[in-house]
file run21.cif (mmCIF, C-alpha atoms and all ligand atoms)
data_protein
#
loop_
_atom_site.group_PDB
_atom_site.id
_atom_site.type_symbol
_atom_site.label_atom_id
_atom_site.label_comp_id
_atom_site.auth_asym_id
_atom_site.auth_seq_id
_atom_site.Cartn_x
_atom_site.Cartn_y
_atom_site.Cartn_z
ATOM 1 C CA ARG A 1 190.930 -106.960 127.292
ATOM 2 C CA HIS A 2 191.637 -103.542 128.802
ATOM 3 C CA LYS A 3 192.792 -101.025 126.227
ATOM 4 C CA VAL A 4 195.608 -99.096 127.915
ATOM 5 C CA LEU A 5 197.604 -95.993 127.053
ATOM 6 C CA PHE A 6 200.684 -95.780 129.277
ATOM 7 C CA ASP A 7 202.100 -92.418 130.413
ATOM 8 C CA THR A 8 205.526 -92.970 131.937
ATOM 9 C CA ASP A 9 209.018 -91.714 132.858
ATOM 10 C CA PRO A 10 211.165 -94.851 132.592
ATOM 11 C CA GLY A 11 212.497 -95.395 135.246
ATOM 12 C CA ILE A 12 213.190 -98.781 136.746
ATOM 13 C CA ASP A 13 209.766 -99.527 138.199
ATOM 14 C CA ASP A 14 208.253 -97.990 135.052
ATOM 15 C CA ALA A 15 210.141 -100.605 133.015
ATOM 16 C CA MET A 16 208.675 -103.341 135.166
ATOM 17 C CA ALA A 17 205.181 -101.893 134.842
ATOM 18 C CA LEU A 18 205.606 -101.684 131.067
ATOM 19 C CA TYR A 19 206.696 -105.292 130.904
ATOM 20 C CA LEU A 20 203.607 -106.312 132.869
ATOM 21 C CA LEU A 21 201.346 -104.337 130.507
ATOM 22 C CA HIS A 22 203.012 -105.931 127.511
ATOM 23 C CA ARG A 23 202.859 -109.506 128.759
ATOM 24 C CA HIS A 24 199.599 -109.737 130.657
ATOM 25 C CA PRO A 25 196.802 -111.322 128.606
ATOM 26 C CA ALA A 26 194.139 -109.038 130.122
ATOM 27 C CA ILE A 27 195.832 -105.943 128.660
ATOM 28 C CA GLU A 28 195.921 -104.524 125.166
ATOM 29 C CA LEU A 29 198.638 -101.853 125.127
ATOM 30 C CA LEU A 30 197.748 -99.102 122.631
ATOM 31 C CA GLY A 31 200.572 -96.616 123.053
ATOM 32 C CA ILE A 32 203.219 -95.079 125.279
ATOM 33 C CA THR A 33 203.733 -91.403 126.147
ATOM 34 C CA THR A 34 206.819 -90.116 127.922
ATOM 35 C CA VAL A 35 207.383 -87.203 130.262
ATOM 36 C CA HIS A 36 209.929 -85.630 132.613
ATOM 37 C CA GLY A 37 210.284 -87.250 136.033
ATOM 38 C CA ASN A 38 212.855 -89.875 136.883
ATOM 39 C CA ALA A 39 215.076 -88.205 134.251
ATOM 40 C CA TYR A 40 214.780 -85.436 131.666
ATOM 41 C CA THR A 41 212.296 -86.205 128.891
ATOM 42 C CA GLU A 42 215.049 -86.828 126.345
ATOM 43 C CA VAL A 43 216.295 -89.698 128.509
ATOM 44 C CA THR A 44 212.894 -91.137 129.471
ATOM 45 C CA THR A 45 211.923 -91.117 125.781
ATOM 46 C CA ARG A 46 215.106 -92.864 124.724
ATOM 47 C CA ASN A 47 214.500 -95.416 127.475
ATOM 48 C CA ALA A 48 210.909 -96.020 126.373
ATOM 49 C CA LEU A 49 212.056 -96.633 122.790
ATOM 50 C CA TYR A 50 214.861 -98.876 123.991
ATOM 51 C CA LEU A 51 212.473 -100.889 126.189
ATOM 52 C CA CYS A 52 210.189 -101.402 123.162
ATOM 53 C CA ASP A 53 213.133 -102.877 121.221
ATOM 54 C CA ARG A 54 214.182 -104.969 124.166
ATOM 55 C CA PHE A 55 210.738 -106.407 125.001
ATOM 56 C CA GLY A 56 209.435 -106.583 121.413
ATOM 57 C CA ILE A 57 206.704 -103.976 121.948
ATOM 58 C CA ASP A 58 205.197 -102.533 118.789
ATOM 59 C CA VAL A 59 202.983 -99.539 119.658
ATOM 60 C CA PRO A 60 203.335 -95.774 119.035
ATOM 61 C CA VAL A 61 205.688 -93.973 121.416
ATOM 62 C CA ALA A 62 205.259 -90.186 121.657
ATOM 63 C CA ARG A 63 207.497 -87.730 123.441
ATOM 64 C CA GLY A 64 205.803 -85.564 126.042
ATOM 65 C CA ALA A 65 206.411 -82.522 128.169
ATOM 66 C CA ALA A 66 209.938 -81.635 129.217
ATOM 67 C CA GLN A 67 208.806 -79.132 131.848
ATOM 68 C CA PRO A 68 206.010 -78.912 134.416
ATOM 69 C CA LEU A 69 203.147 -76.493 133.701
ATOM 70 C CA VAL A 70 204.654 -73.989 136.140
ATOM 71 C CA GLY A 71 208.313 -73.616 137.064
ATOM 72 C CA LYS A 72 211.316 -75.446 135.739
ATOM 73 C CA LYS A 73 212.673 -78.966 136.049
ATOM 74 C CA ASP A 74 216.271 -78.551 137.123
ATOM 75 C CA HIS A 75 217.276 -81.815 138.769
ATOM 76 C CA VAL A 76 216.637 -85.547 138.477
ATOM 77 C CA PRO A 77 216.538 -88.259 141.179
ATOM 78 C CA ALA A 78 219.718 -89.965 139.967
ATOM 79 C CA MET A 79 220.308 -91.514 143.399
ATOM 80 C CA VAL A 80 217.105 -93.552 142.977
ATOM 81 C CA HIS A 81 217.039 -94.540 139.287
ATOM 82 C CA GLY A 82 220.612 -93.779 138.147
ATOM 83 C CA ASP A 83 221.860 -91.115 135.733
ATOM 84 C CA ASP A 84 220.357 -93.087 132.850
ATOM 85 C CA ALA A 85 217.166 -93.829 134.855
ATOM 86 C CA LEU A 86 217.835 -97.501 134.134
ATOM 87 C CA GLY A 87 220.032 -98.197 137.140
ATOM 88 C CA ASN A 88 223.340 -97.068 135.582
ATOM 89 C CA ILE A 89 223.627 -100.127 133.362
ATOM 90 C CA GLY A 90 226.150 -98.516 131.034
ATOM 91 C CA PRO A 91 225.851 -97.718 127.325
ATOM 92 C CA ILE A 92 222.718 -99.040 125.633
ATOM 93 C CA ALA A 93 222.048 -99.639 121.934
ATOM 94 C CA THR A 94 220.576 -96.717 119.983
ATOM 95 C CA PRO A 95 216.830 -97.423 119.813
ATOM 96 C CA ARG A 96 215.414 -98.646 116.491
ATOM 97 C CA HIS A 97 211.768 -98.202 117.475
ATOM 98 C CA PRO A 98 210.471 -95.066 115.701
ATOM 99 C CA LEU A 99 209.327 -92.009 117.608
ATOM 100 C CA ASP A 100 205.750 -91.006 116.800
ATOM 101 C CA PRO A 101 205.714 -87.499 115.259
ATOM 102 C CA ARG A 102 202.859 -86.347 117.506
ATOM 103 C CA PRO A 103 203.420 -84.737 120.906
ATOM 104 C CA ALA A 104 202.319 -87.014 123.747
ATOM 105 C CA HIS A 105 199.154 -85.103 124.603
ATOM 106 C CA ARG A 106 198.022 -85.426 120.967
ATOM 107 C CA LEU A 107 198.550 -89.177 121.012
ATOM 108 C CA ILE A 108 196.472 -89.303 124.202
ATOM 109 C CA ILE A 109 193.630 -87.339 122.575
ATOM 110 C CA ASP A 110 193.733 -89.334 119.325
ATOM 111 C CA THR A 111 193.744 -92.679 121.130
ATOM 112 C CA VAL A 112 190.873 -91.761 123.454
ATOM 113 C CA ARG A 113 188.828 -90.487 120.502
ATOM 114 C CA GLN A 114 189.580 -93.595 118.470
ATOM 115 C CA TYR A 115 187.992 -95.852 121.132
ATOM 116 C CA PRO A 116 185.356 -93.731 122.923
ATOM 117 C CA GLY A 117 184.556 -95.078 126.394
ATOM 118 C CA GLU A 118 187.147 -97.822 126.198
ATOM 119 C CA VAL A 119 190.579 -96.457 126.998
ATOM 120 C CA THR A 120 192.203 -96.689 130.425
ATOM 121 C CA LEU A 121 194.971 -94.121 130.911
ATOM 122 C CA VAL A 122 197.617 -95.570 133.205
ATOM 123 C CA ALA A 123 199.800 -92.675 134.385
ATOM 124 C CA VAL A 124 202.847 -93.451 136.512
ATOM 125 C CA ALA A 125 204.770 -90.191 136.192
ATOM 126 C CA PRO A 126 204.211 -86.432 136.610
ATOM 127 C CA LEU A 127 200.802 -85.588 135.132
ATOM 128 C CA THR A 128 201.830 -82.831 132.693
ATOM 129 C CA ASN A 129 200.833 -84.704 129.507
ATOM 130 C CA LEU A 130 197.368 -85.513 130.858
ATOM 131 C CA ALA A 131 196.815 -81.874 131.840
ATOM 132 C CA LEU A 132 197.903 -80.704 128.373
ATOM 133 C CA ALA A 133 195.561 -83.211 126.721
ATOM 134 C CA LEU A 134 192.651 -81.969 128.856
ATOM 135 C CA LYS A 135 193.473 -78.371 128.015
ATOM 136 C CA GLU A 136 193.520 -79.015 124.275
ATOM 137 C CA ASP A 137 190.445 -81.245 124.255
ATOM 138 C CA PRO A 138 188.442 -81.082 127.517
ATOM 139 C CA ALA A 139 185.789 -83.411 126.063
ATOM 140 C CA ILE A 140 188.135 -86.395 126.376
ATOM 141 C CA ALA A 141 187.261 -86.412 130.082
ATOM 142 C CA GLY A 142 183.875 -87.827 129.119
ATOM 143 C CA LEU A 143 185.359 -90.340 126.709
ATOM 144 C CA VAL A 144 187.941 -92.265 128.752
ATOM 145 C CA ARG A 145 187.002 -95.362 130.662
ATOM 146 C CA GLN A 146 189.187 -94.519 133.664
ATOM 147 C CA VAL A 147 192.442 -92.873 134.684
ATOM 148 C CA VAL A 148 194.617 -94.984 136.977
ATOM 149 C CA ILE A 149 197.449 -92.988 138.542
ATOM 150 C CA MET A 150 200.443 -94.087 140.560
ATOM 151 C CA GLY A 151 200.865 -91.007 142.672
ATOM 152 C CA GLY A 152 199.976 -89.191 145.823
ATOM 153 C CA ALA A 153 200.179 -89.908 149.520
ATOM 154 C CA PHE A 154 197.054 -89.568 151.610
ATOM 155 C CA GLY A 155 198.383 -90.475 155.043
ATOM 156 C CA VAL A 156 195.890 -93.348 155.320
ATOM 157 C CA HIS A 157 198.305 -95.389 157.445
ATOM 158 C CA GLY A 158 200.350 -92.512 158.811
ATOM 159 C CA GLN A 159 203.115 -93.123 156.253
ATOM 160 C CA ILE A 160 203.160 -90.091 154.075
ATOM 161 C CA GLY A 161 205.463 -88.682 151.381
ATOM 162 C CA ASN A 162 208.679 -89.822 149.735
ATOM 163 C CA VAL A 163 210.005 -86.438 148.547
ATOM 164 C CA SER A 164 208.788 -84.397 151.509
ATOM 165 C CA PRO A 165 206.852 -85.474 154.608
ATOM 166 C CA VAL A 166 203.625 -84.875 152.668
ATOM 167 C CA ALA A 167 204.472 -85.188 148.961
ATOM 168 C CA GLU A 168 204.968 -88.079 146.573
ATOM 169 C CA ALA A 169 207.391 -87.706 143.624
ATOM 170 C CA ASN A 170 204.986 -87.844 140.671
ATOM 171 C CA ILE A 171 202.711 -85.205 142.200
ATOM 172 C CA ILE A 172 205.382 -82.801 143.470
ATOM 173 C CA CYS A 173 207.084 -82.790 140.041
ATOM 174 C CA ASP A 174 204.021 -81.024 138.605
ATOM 175 C CA PRO A 175 201.498 -80.130 141.298
ATOM 176 C CA TYR A 176 199.498 -77.781 139.036
ATOM 177 C CA ALA A 177 199.006 -80.518 136.449
ATOM 178 C CA ALA A 178 198.043 -82.986 139.175
ATOM 179 C CA ASP A 179 195.427 -80.604 140.584
ATOM 180 C CA GLN A 180 193.883 -80.143 137.125
ATOM 181 C CA VAL A 181 193.863 -83.861 136.375
ATOM 182 C CA LEU A 182 192.320 -84.762 139.740
ATOM 183 C CA THR A 183 189.563 -82.162 139.521
ATOM 184 C CA ALA A 184 188.583 -82.995 135.935
ATOM 185 C CA PRO A 185 185.304 -84.849 135.344
ATOM 186 C CA TRP A 186 186.798 -88.239 134.530
ATOM 187 C CA PRO A 187 186.954 -91.208 136.866
ATOM 188 C CA VAL A 188 190.352 -91.335 138.586
ATOM 189 C CA VAL A 189 191.803 -94.050 140.814
ATOM 190 C CA MET A 190 194.896 -93.073 142.796
ATOM 191 C CA VAL A 191 197.316 -95.864 143.646
ATOM 192 C CA GLY A 192 199.518 -93.878 146.029
ATOM 193 C CA LEU A 193 202.193 -94.518 148.608
ATOM 194 C CA ASP A 194 199.513 -95.528 151.127
ATOM 195 C CA VAL A 195 199.286 -98.828 149.256
ATOM 196 C CA THR A 196 202.554 -99.084 147.301
ATOM 197 C CA HIS A 197 204.543 -98.914 150.546
ATOM 198 C CA GLN A 198 202.671 -102.029 151.612
ATOM 199 C CA VAL A 199 203.879 -104.002 148.598
ATOM 200 C CA LEU A 200 207.468 -105.004 149.165
ATOM 201 C CA MET A 201 209.091 -107.086 146.441
ATOM 202 C CA PRO A 202 211.980 -108.821 148.200
ATOM 203 C CA ARG A 203 215.414 -109.152 146.604
ATOM 204 C CA ALA A 204 214.904 -112.935 146.361
ATOM 205 C CA MET A 205 211.957 -112.354 144.015
ATOM 206 C CA PHE A 206 214.166 -110.319 141.693
ATOM 207 C CA GLU A 207 216.562 -113.263 141.695
ATOM 208 C CA ARG A 208 213.738 -115.596 140.695
ATOM 209 C CA VAL A 209 212.837 -113.221 137.867
ATOM 210 C CA ARG A 210 216.489 -113.358 136.763
ATOM 211 C CA ASP A 211 216.681 -117.146 136.935
ATOM 212 C CA GLU A 212 213.279 -118.048 135.499
ATOM 213 C CA GLY A 213 212.350 -115.071 133.322
ATOM 214 C CA GLY A 214 214.703 -115.598 130.356
ATOM 215 C CA ALA A 215 216.557 -112.667 128.788
ATOM 216 C CA ASP A 216 213.847 -110.189 129.825
ATOM 217 C CA GLY A 217 214.001 -111.420 133.413
ATOM 218 C CA GLN A 218 217.782 -111.039 133.451
ATOM 219 C CA PHE A 219 217.435 -107.506 132.120
ATOM 220 C CA LEU A 220 214.814 -106.551 134.745
ATOM 221 C CA TRP A 221 217.078 -107.955 137.448
ATOM 222 C CA ARG A 222 220.073 -106.032 136.103
ATOM 223 C CA ILE A 223 218.355 -102.638 136.011
ATOM 224 C CA SER A 224 217.032 -103.209 139.549
ATOM 225 C CA GLN A 225 220.383 -103.586 141.304
ATOM 226 C CA GLN A 226 220.992 -99.906 142.018
ATOM 227 C CA TYR A 227 217.312 -99.489 142.957
ATOM 228 C CA LEU A 228 217.727 -102.289 145.519
ATOM 229 C CA SER A 229 220.839 -100.592 146.946
ATOM 230 C CA PHE A 230 218.937 -97.329 147.216
ATOM 231 C CA TYR A 231 216.144 -99.012 149.191
ATOM 232 C CA ALA A 232 218.647 -100.840 151.394
ATOM 233 C CA ARG A 233 220.351 -97.522 152.261
ATOM 234 C CA GLN A 234 217.333 -95.278 152.437
ATOM 235 C CA GLU A 235 214.596 -97.490 153.853
ATOM 236 C CA ARG A 236 216.646 -100.312 155.360
ATOM 237 C CA ILE A 237 214.665 -102.921 153.464
ATOM 238 C CA ASP A 238 215.982 -105.830 151.412
ATOM 239 C CA GLY A 239 213.725 -105.293 148.447
ATOM 240 C CA CYS A 240 211.794 -102.551 146.646
ATOM 241 C CA TYR A 241 208.384 -101.023 147.029
ATOM 242 C CA VAL A 242 206.244 -101.802 144.017
ATOM 243 C CA HIS A 243 205.055 -98.407 142.790
ATOM 244 C CA ASP A 244 204.231 -98.262 139.095
ATOM 245 C CA ALA A 245 203.418 -101.945 138.634
ATOM 246 C CA SER A 246 200.778 -101.627 141.383
ATOM 247 C CA ALA A 247 198.806 -99.265 139.134
ATOM 248 C CA VAL A 248 198.932 -101.899 136.385
ATOM 249 C CA ALA A 249 197.829 -104.552 138.875
ATOM 250 C CA TYR A 250 194.832 -102.365 139.745
ATOM 251 C CA VAL A 251 193.729 -102.390 136.110
ATOM 252 C CA ILE A 252 194.119 -106.158 135.864
ATOM 253 C CA ASP A 253 192.532 -107.053 139.203
ATOM 254 C CA PRO A 254 190.843 -104.214 141.133
ATOM 255 C CA SER A 255 189.618 -106.726 143.719
ATOM 256 C CA LEU A 256 193.132 -106.629 145.216
ATOM 257 C CA PHE A 257 192.422 -103.094 146.490
ATOM 258 C CA GLN A 258 190.024 -101.245 148.751
ATOM 259 C CA LEU A 259 189.012 -97.730 147.800
ATOM 260 C CA ARG A 260 187.524 -94.655 149.353
ATOM 261 C CA SER A 261 185.846 -91.889 147.457
ATOM 262 C CA GLY A 262 185.789 -88.092 147.621
ATOM 263 C CA PRO A 263 187.079 -84.974 145.907
ATOM 264 C CA ILE A 264 190.866 -84.510 145.801
ATOM 265 C CA ARG A 265 192.962 -81.347 145.670
ATOM 266 C CA VAL A 266 196.712 -80.816 145.401
ATOM 267 C CA VAL A 267 198.706 -78.179 147.269
ATOM 268 C CA THR A 268 200.482 -76.180 144.545
ATOM 269 C CA ASP A 269 202.960 -74.073 146.533
ATOM 270 C CA GLY A 270 204.407 -73.406 149.955
ATOM 271 C CA ILE A 271 205.963 -75.905 152.335
ATOM 272 C CA ALA A 272 203.261 -78.527 151.704
ATOM 273 C CA VAL A 273 203.633 -78.334 147.898
ATOM 274 C CA GLY A 274 202.687 -81.633 146.286
ATOM 275 C CA GLN A 275 200.459 -82.791 149.136
ATOM 276 C CA THR A 276 197.335 -84.626 147.982
ATOM 277 C CA ILE A 277 194.237 -84.116 150.127
ATOM 278 C CA GLN A 278 190.975 -86.007 149.790
ATOM 279 C CA ASN A 279 187.719 -85.084 151.452
ATOM 280 C CA ALA A 280 186.477 -88.609 152.064
ATOM 281 C CA SER A 281 184.202 -87.536 154.915
ATOM 282 C CA GLY A 282 181.207 -86.562 152.812
ATOM 283 C CA ARG A 283 181.040 -83.317 154.796
ATOM 284 C CA GLN A 284 180.027 -80.116 153.045
ATOM 285 C CA TYR A 285 182.773 -77.691 153.989
ATOM 286 C CA ARG A 286 182.292 -73.936 153.831
ATOM 287 C CA SER A 287 185.747 -73.466 152.288
ATOM 288 C CA PRO A 288 185.117 -72.695 148.597
ATOM 289 C CA VAL A 289 187.936 -75.032 147.517
ATOM 290 C CA TRP A 290 185.877 -77.992 148.716
ATOM 291 C CA GLN A 291 182.482 -76.987 147.390
ATOM 292 C CA GLU A 292 182.810 -78.606 144.010
ATOM 293 C CA GLY A 293 184.862 -81.139 142.107
ATOM 294 C CA PRO A 294 184.155 -84.748 141.225
ATOM 295 C CA ALA A 295 184.588 -87.561 143.722
ATOM 296 C CA GLN A 296 187.679 -89.589 142.847
ATOM 297 C CA SER A 297 188.958 -92.855 144.296
ATOM 298 C CA VAL A 298 191.994 -93.429 146.493
ATOM 299 C CA CYS A 299 193.343 -96.887 147.257
ATOM 300 C CA THR A 300 193.533 -97.419 150.996
ATOM 301 C CA GLU A 301 194.314 -101.148 151.313
ATOM 302 C CA VAL A 302 195.959 -103.733 149.116
ATOM 303 C CA ASP A 303 196.324 -107.502 149.137
ATOM 304 C CA ALA A 304 200.122 -107.368 148.841
ATOM 305 C CA ASP A 305 200.601 -111.147 148.523
ATOM 306 C CA GLY A 306 197.985 -111.364 145.807
ATOM 307 C CA LEU A 307 199.587 -108.476 143.938
ATOM 308 C CA LEU A 308 203.065 -110.005 144.097
ATOM 309 C CA LYS A 309 201.659 -113.344 142.892
ATOM 310 C CA LEU A 310 200.029 -111.625 139.929
ATOM 311 C CA MET A 311 203.332 -109.924 139.100
ATOM 312 C CA MET A 312 205.452 -113.014 139.460
ATOM 313 C CA ALA A 313 203.131 -115.089 137.301
ATOM 314 C CA THR A 314 203.722 -112.595 134.486
ATOM 315 C CA LEU A 315 207.372 -111.631 135.020
HETATM 316 C C1 LIG A 401 207.069 -92.765 141.676
HETATM 317 O O1 LIG A 401 208.188 -91.905 141.433
HETATM 318 C C2 LIG A 401 209.097 -92.523 140.560
HETATM 319 O O2 LIG A 401 210.371 -92.533 141.142
HETATM 320 C C3 LIG A 401 208.628 -93.931 140.326
HETATM 321 O O3 LIG A 401 208.858 -94.339 138.990
HETATM 322 C C4 LIG A 401 207.162 -93.878 140.660
HETATM 323 O O4 LIG A 401 206.405 -93.547 139.524
HETATM 324 C C5 LIG A 401 207.067 -93.211 143.111
HETATM 325 O O5 LIG A 401 206.918 -92.109 143.984
HETATM 326 CA CA CA A 402 207.324 -93.685 137.254
#

call {"tool": "encode", "arguments": {"input": "run21.cif", "output": "structure tokens", "more": "lines below"}}
Ligand code: BDR
Ligand code: CA
result
Amino acid sequence: RHKVLFDTDPGIDDAMALYLLHRHPAIELLGITTVHGNAYTEVTTRNALYLCDRFGIDVPVARGAAQPLVGKKDHVPAMVHGDDALGNIGPIATPRHPLDPRPAHRLIIDTVRQYPGEVTLVAVAPLTNLALALKEDPAIAGLVRQVVIMGGAFGVHGQIGNVSPVAEANIICDPYAADQVLTAPWPVVMVGLDVTHQVLMPRAMFERVRDEGGADGQFLWRISQQYLSFYARQERIDGCYVHDASAVAYVIDPSLFQLRSGPIRVVTDGIAVGQTIQNASGRQYRSPVWQEGPAQSVCTEVDADGLLKLMMATL
């Protein structure tokens, strides 16, 4: 089984990804770390604790960064995930699941060191916690099995960003952290918009989850209603793109994806802030920015039907 530490900003699709991690037999979930993103960290942490109660998940949950490495978080995408980041479902019970006393980056370090060479970090939110963990203990880069990130947009199919023409949300929320995480000497796989925009979960599938998935299925359907309305308005589609759960699917079955390899950098300011660029050409450029840095992987193609089947079998 894959030992996974989940870094997240729940978040509707984060909740679905968490459920998949919890229920899939190929995964052993070791812990959850929260961060700013779809809401402020206070809210994403409360949601993570609440989801643990709801789904019966019993692993440490640690609160992470409230701010990006540089600059200040001063707004949240309430039109996508709701003010509560759970689709505006109204008041929820106060979580009973305890909050781990450690900061998120410490839980990351401790978990990686507890199982050297075995832990997969699945990060589906701004990468601040991972950058802080690397800063405090750079040697963890050599101790993780892999880092699977939902984030980035590489323009593989022409479709590019979702926050700006070139930037994806998780990267633009902390571009400095993303650049550090992507240039660190650990093996990274990016599951970005190039592939997640190919995986459309139609509304009818949510209804099947509601009808056949018991109380958890009904809950996942309920939190998805505002998300579905957002996609109907914004993208004119009758369903949702599968972002965070696609990163989980990569861990479970990498054969669903095709990858390309090469160093990656992130634009940290200016009009292209948050853009992810990969040199997949193998060329040696004279520009100093591209003369070093480990080759990382970017997903370029996905078997969308296979991925949705995997999800539905578990949900
Ligand atoms: C990413 O941003 C968030 O809105 C989602 O949870 C996902 O992690 C998609 O760009
Ligand atoms: Ca997310």

call {"tool": "residues_around", "arguments": {"input": "run21.cif", "residues": "range 204-220 of chain A", "least_positions_apart": "3", "cutoff": "7 Å", "atoms": "only C-alpha atoms", "output": "list of chain:residue names"}}
result
A:Met16, A:Phe55, A:Met201, A:Ile223, A:Ser224, A:Leu315

call {"tool": "residues_near_ligand", "arguments": {"input": "run21.cif", "ligand": "ligand CA 402 (chain A)", "cutoff": "12 Å", "atoms": "all atoms listed in the file", "output": "ChimeraX atom specification"}}
result
/A:6-18,33-39,44,48,77,80-81,85-86,122-127,149-151,168-171,173,192,242-248

call {"tool": "closest_residue", "arguments": {"input": "run21.cif", "among": "A:Thr196, A:Thr94, A:Gln146, A:Asn47", "to": "ligand LIG 401 (chain A)", "atoms": "all atoms listed in the file"}}
result
A:Thr196

call {"tool": "resolve_selection", "arguments": {"input": "run21.cif", "expression": "the PyMOL selection byres (((chain A and resi 294-309) around 7) and not hetatm)", "output": "ChimeraX atom specification"}}
result
/A:156,183,185,187-192,194-195,198-199,249,256-264,292-293,310-313

call {"tool": "write_last_selection", "arguments": {"input": "run21.cif", "atoms": "C-alpha atoms", "output": "PDB file, in the frame of the given file"}}
result
ATOM      1  CA  VAL A 156     195.890 -93.348 155.320  1.00  0.00           C
ATOM      2  CA  THR A 183     189.563 -82.162 139.521  1.00  0.00           C
ATOM      3  CA  PRO A 185     185.304 -84.849 135.344  1.00  0.00           C
ATOM      4  CA  PRO A 187     186.954 -91.208 136.866  1.00  0.00           C
ATOM      5  CA  VAL A 188     190.352 -91.335 138.586  1.00  0.00           C
ATOM      6  CA  VAL A 189     191.803 -94.050 140.814  1.00  0.00           C
ATOM      7  CA  MET A 190     194.896 -93.073 142.796  1.00  0.00           C
ATOM      8  CA  VAL A 191     197.316 -95.864 143.646  1.00  0.00           C
ATOM      9  CA  GLY A 192     199.518 -93.878 146.029  1.00  0.00           C
ATOM     10  CA  ASP A 194     199.513 -95.528 151.127  1.00  0.00           C
ATOM     11  CA  VAL A 195     199.286 -98.828 149.256  1.00  0.00           C
ATOM     12  CA  GLN A 198     202.671-102.029 151.612  1.00  0.00           C
ATOM     13  CA  VAL A 199     203.879-104.002 148.598  1.00  0.00           C
ATOM     14  CA  ALA A 249     197.829-104.552 138.875  1.00  0.00           C
ATOM     15  CA  LEU A 256     193.132-106.629 145.216  1.00  0.00           C
ATOM     16  CA  PHE A 257     192.422-103.094 146.490  1.00  0.00           C
ATOM     17  CA  GLN A 258     190.024-101.245 148.751  1.00  0.00           C
ATOM     18  CA  LEU A 259     189.012 -97.730 147.800  1.00  0.00           C
ATOM     19  CA  ARG A 260     187.524 -94.655 149.353  1.00  0.00           C
ATOM     20  CA  SER A 261     185.846 -91.889 147.457  1.00  0.00           C
ATOM     21  CA  GLY A 262     185.789 -88.092 147.621  1.00  0.00           C
ATOM     22  CA  PRO A 263     187.079 -84.974 145.907  1.00  0.00           C
ATOM     23  CA  ILE A 264     190.866 -84.510 145.801  1.00  0.00           C
ATOM     24  CA  GLU A 292     182.810 -78.606 144.010  1.00  0.00           C
ATOM     25  CA  GLY A 293     184.862 -81.139 142.107  1.00  0.00           C
ATOM     26  CA  LEU A 310     200.029-111.625 139.929  1.00  0.00           C
ATOM     27  CA  MET A 311     203.332-109.924 139.100  1.00  0.00           C
ATOM     28  CA  MET A 312     205.452-113.014 139.460  1.00  0.00           C
ATOM     29  CA  ALA A 313     203.131-115.089 137.301  1.00  0.00           C
TER      30      ALA A 313
END

call {"tool": "resolve_selection", "arguments": {"input": "run21.cif", "expression": "the PyMOL selection byres (((chain A and resi 131) around 9) and not hetatm)", "output": "JSON list (two decimals) with C-alpha atoms, keeping the file's coordinate frame"}}
result
[["chain", "number", "residue", "atom", "x", "y", "z"],
["A", 69, "LEU", "CA", 203.15, -76.49, 133.70],
["A", 105, "HIS", "CA", 199.15, -85.10, 124.60],
["A", 127, "LEU", "CA", 200.80, -85.59, 135.13],
["A", 128, "THR", "CA", 201.83, -82.83, 132.69],
["A", 129, "ASN", "CA", 200.83, -84.70, 129.51],
["A", 130, "LEU", "CA", 197.37, -85.51, 130.86],
["A", 132, "LEU", "CA", 197.90, -80.70, 128.37],
["A", 133, "ALA", "CA", 195.56, -83.21, 126.72],
["A", 134, "LEU", "CA", 192.65, -81.97, 128.86],
["A", 135, "LYS", "CA", 193.47, -78.37, 128.01],
["A", 136, "GLU", "CA", 193.52, -79.02, 124.28],
["A", 176, "TYR", "CA", 199.50, -77.78, 139.04],
["A", 177, "ALA", "CA", 199.01, -80.52, 136.45],
["A", 178, "ALA", "CA", 198.04, -82.99, 139.18],
["A", 179, "ASP", "CA", 195.43, -80.60, 140.58],
["A", 180, "GLN", "CA", 193.88, -80.14, 137.12],
["A", 181, "VAL", "CA", 193.86, -83.86, 136.38]]

call {"tool": "resolve_selection", "arguments": {"input": "run21.cif", "expression": "the PyMOL selection byres (((chain A and resi 268-276) around 7) and not hetatm)", "output": "PyMOL selection string"}}
result
chain A and resi 152-154+166-168+171-172+175-176+264-267+277-278

call {"tool": "residues_around", "arguments": {"input": "run21.cif", "residues": "Cys240 in chain A", "least_positions_apart": "3", "cutoff": "8 Å", "atoms": "all atoms listed in the file", "output": "VMD selection string"}}
result
chain A and resid 200 to 203 227 to 228 231 237

call {"tool": "build_atoms", "arguments": {"input": "run21.cif", "residues": "range 241-246 of chain A", "atoms": "N, CA and C atoms", "output": "tab-separated table (two decimals), keeping the file's coordinate frame"}}
result
chain	number	residue	atom	x	y	z
A	241	TYR	N	209.83	-101.24	147.08
A	241	TYR	CA	208.38	-101.02	147.03
A	241	TYR	C	207.93	-101.10	145.57
A	242	VAL	N	206.77	-101.67	145.38
A	242	VAL	CA	206.24	-101.80	144.02
A	242	VAL	C	205.32	-100.62	143.74
A	243	HIS	N	205.86	-99.60	143.07
A	243	HIS	CA	205.06	-98.41	142.79
A	243	HIS	C	204.27	-98.57	141.48
A	244	ASP	N	204.95	-98.37	140.36
A	244	ASP	CA	204.23	-98.26	139.10
A	244	ASP	C	203.48	-99.54	138.70
A	245	ALA	N	204.08	-100.69	138.99
A	245	ALA	CA	203.42	-101.94	138.63
A	245	ALA	C	202.14	-102.16	139.45
A	246	SER	N	202.02	-101.49	140.60
A	246	SER	CA	200.78	-101.63	141.38
A	246	SER	C	199.61	-100.98	140.65
